[in-house]
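**Q** Just passing along the structure, written as structure tokens.
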Amino acid sequence: MNGTYENETYDVVVVGGGAAGLSAALVLGRARNRALVVDAGEPRNAPSSHMQGYLSRDGMSPAEFLALGRDEIARYGVELVRDRVTDVTRDGDFTVVLDGGPAVRARRLIVATGLKDEMPDVPGVAERFGRDVLHCPFCHGWEVRDEPFGVLASSVMSVHQALMVSQWSKDVTLFLHRVAEAELSDQDLRRLAAAGVGVVSGEVAELVAEDDRLTGVRLADGSTHARSVVFVAPRPMPQTGLLERLGAEMNETPFGAYPVIDPTGLTTVPGVWAAGNAIGFAEQVVHAASGGYRAAAAIVGDLRMSDLDAAVDG
């Protein structure tokens, strides 16, 4: 971004150029609103070679999906800059401070900053994440169906993950890792048995790979269990610092703090909407795109009524 942007005022600045941000930008551009997308270029699904469950885009790579989205918004005059928003202040309109350039002004704001996944601290997990170390069976289950699955427990909630992935494979082993078997309820054990899920106690030392393919799970006692896929539960880290600085009310959940929003994504801060993984850890690409659309449509109406009311009062 160069100095010609300094103090320029946009109808809307969209913070985040993933599925939610680009979807919002498309709606805004088609509605003839002047919009700027600020994209730090750090999509959550970057490690994945494909995305699934998005009608007509099933199997497309995330990078291709975003490239097509950027081309689409450009057709409608939406500007996009690769930068990071470091701060937002408000004095009527919003002043959006960028890391690599001057501040810009915005009448409305969409925060679509997503989240980051913090991997379990087991050697091999982070390195193989998105390939044969996975987190979501709806995203990847079909592609690895019927292979020997492992589930690396991070808490007793991993029992639910093991039960769910047994929909895609009948060969599932739950590695309790640092979870004691005594922490599992009788109902947990009965369900695991009914699903045919094996349970292995003991801390996991590392994931084993040969020829760049996962082959097993090695325990601290030296024993190795052959597995070709391992499901994990990363710790979601919401990127909601901007919302917090603006004073948005947050809702604490077991998966992080997310903004309180209305059905359109409007936060408790007037003029500020949120969409995508900025509103919840389980938002898939299709949900994020839908949320961006809803937020943008609401903003188009909000700006239009605001301008008409100003004309009437003026």
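Letters A, B, ... go to the chains of the structure tokens in the order shown; residues in each chain start at 1; ligands are counted from 1 in the same order.
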Contacts of range 6-19 of chain A at 8 Å or less, counting only C-alpha atoms, minus same-chain residues fewer than 6 places along, as a PyMOL selection string?
**A** chain A and resi 25+33-41+43+66+69+85+102-114+276+285-286+288-289+292
**Q** Residues near Gly150 in chain A, anyone? I mean within 7 Å using only C-alpha atoms, not counting same-chain ones fewer than 5 positions away, as a PyMOL selection string.
**A** chain A and resi 172-175+227+229-231
**Q** Given the selection you just returned, output its residues as a file containing N, CA, C and O atoms, formatted as a short mmCIF file (atom, residue, chain, number, x, y, z; two decimals), in the first residue's frame.
**A**
data_model
loop_
_atom_site.label_atom_id
_atom_site.label_comp_id
_atom_site.auth_asym_id
_atom_site.auth_seq_id
_atom_site.Cartn_x
_atom_site.Cartn_y
_atom_site.Cartn_z
N VAL A 172 -10.32 -48.10 14.39
CA VAL A 172 -10.00 -46.85 15.10
C VAL A 172 -9.41 -47.19 16.46
O VAL A 172 -9.95 -48.03 17.19
N THR A 173 -8.31 -46.50 16.79
CA THR A 173 -7.69 -46.65 18.10
C THR A 173 -7.57 -45.29 18.75
O THR A 173 -7.05 -44.34 18.14
N LEU A 174 -8.07 -45.19 19.97
CA LEU A 174 -7.95 -43.96 20.76
C LEU A 174 -6.71 -44.07 21.64
O LEU A 174 -6.62 -44.95 22.51
N PHE A 175 -5.75 -43.19 21.41
CA PHE A 175 -4.54 -43.13 22.24
C PHE A 175 -4.76 -42.10 23.33
O PHE A 175 -4.87 -40.89 23.06
N ARG A 227 -0.58 -47.16 12.24
CA ARG A 227 -1.71 -46.29 11.88
C ARG A 227 -1.28 -45.50 10.65
O ARG A 227 -0.12 -45.09 10.53
N VAL A 229 -3.44 -42.83 9.56
CA VAL A 229 -4.09 -41.53 9.74
C VAL A 229 -4.24 -41.29 11.23
O VAL A 229 -4.58 -42.22 11.97
N VAL A 230 -3.98 -40.08 11.67
CA VAL A 230 -4.20 -39.72 13.07
C VAL A 230 -5.04 -38.45 13.13
O VAL A 230 -4.73 -37.45 12.46
N PHE A 231 -6.11 -38.51 13.89
CA PHE A 231 -6.94 -37.33 14.14
C PHE A 231 -6.52 -36.70 15.46
O PHE A 231 -6.27 -37.39 16.44
#
**Q** Name the closest residue to Val200 in chain A among the candidates A:Leu176, A:Met60, A:Ala275, A:Val300; distances are taken between atoms, counting only C-alpha atoms.
**A**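 Answer, going by the shortest atom-to-atom distance: A:Leu176.
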**Q** Assign secondary structure with DSSP using the backbone only, and return the residues of range 82-280 of chain A in strand (DSSP E) as a PyMOL selection string.
**A** chain A and resi 82+85-91+93-98+104-111+115-118+133-134+149-152+172-175+198-200+204-210+213-219+224-226+229-231+235-238+250-253+256-259+272-274
**Q** In Å, how far is it from CA of Ala220 in chain A to CA of Ala205 in chain A?
**A** 4.8 Å
**Q** Taking only C-alpha atoms into account, name the residue in A:Ala195, A:Ala126, A:Val312, A:Leu207 that is nearest to Pro234 in chain A.
**A**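 The answer is A:Ala126, which sits nearest to Pro234 in chain A.
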**Q** Quick one: distance from CA of Ser61 in chain A to CA of Lys116 in chain A in Å, one decimal?
**A**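 So the answer is 18.9 Å.
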**Q** List the neighbours of Arg75 in chain A out to 10 Å using only C-alpha atoms; skip same-chain residues closer than 6 positions along the sequence, and give me the result as a compact mmCIF listing (two decimals) with C-alpha atoms, in the first residue's frame.
**A**
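Generated output (around_31.txt):
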# COMPACT_ATOMS: atom_id res chain seq x y z
CA LEU A 26 -18.23 -9.65 -3.34
CA GLY A 29 -18.84 -4.61 -4.55
CA ARG A 30 -21.97 -5.75 -6.36
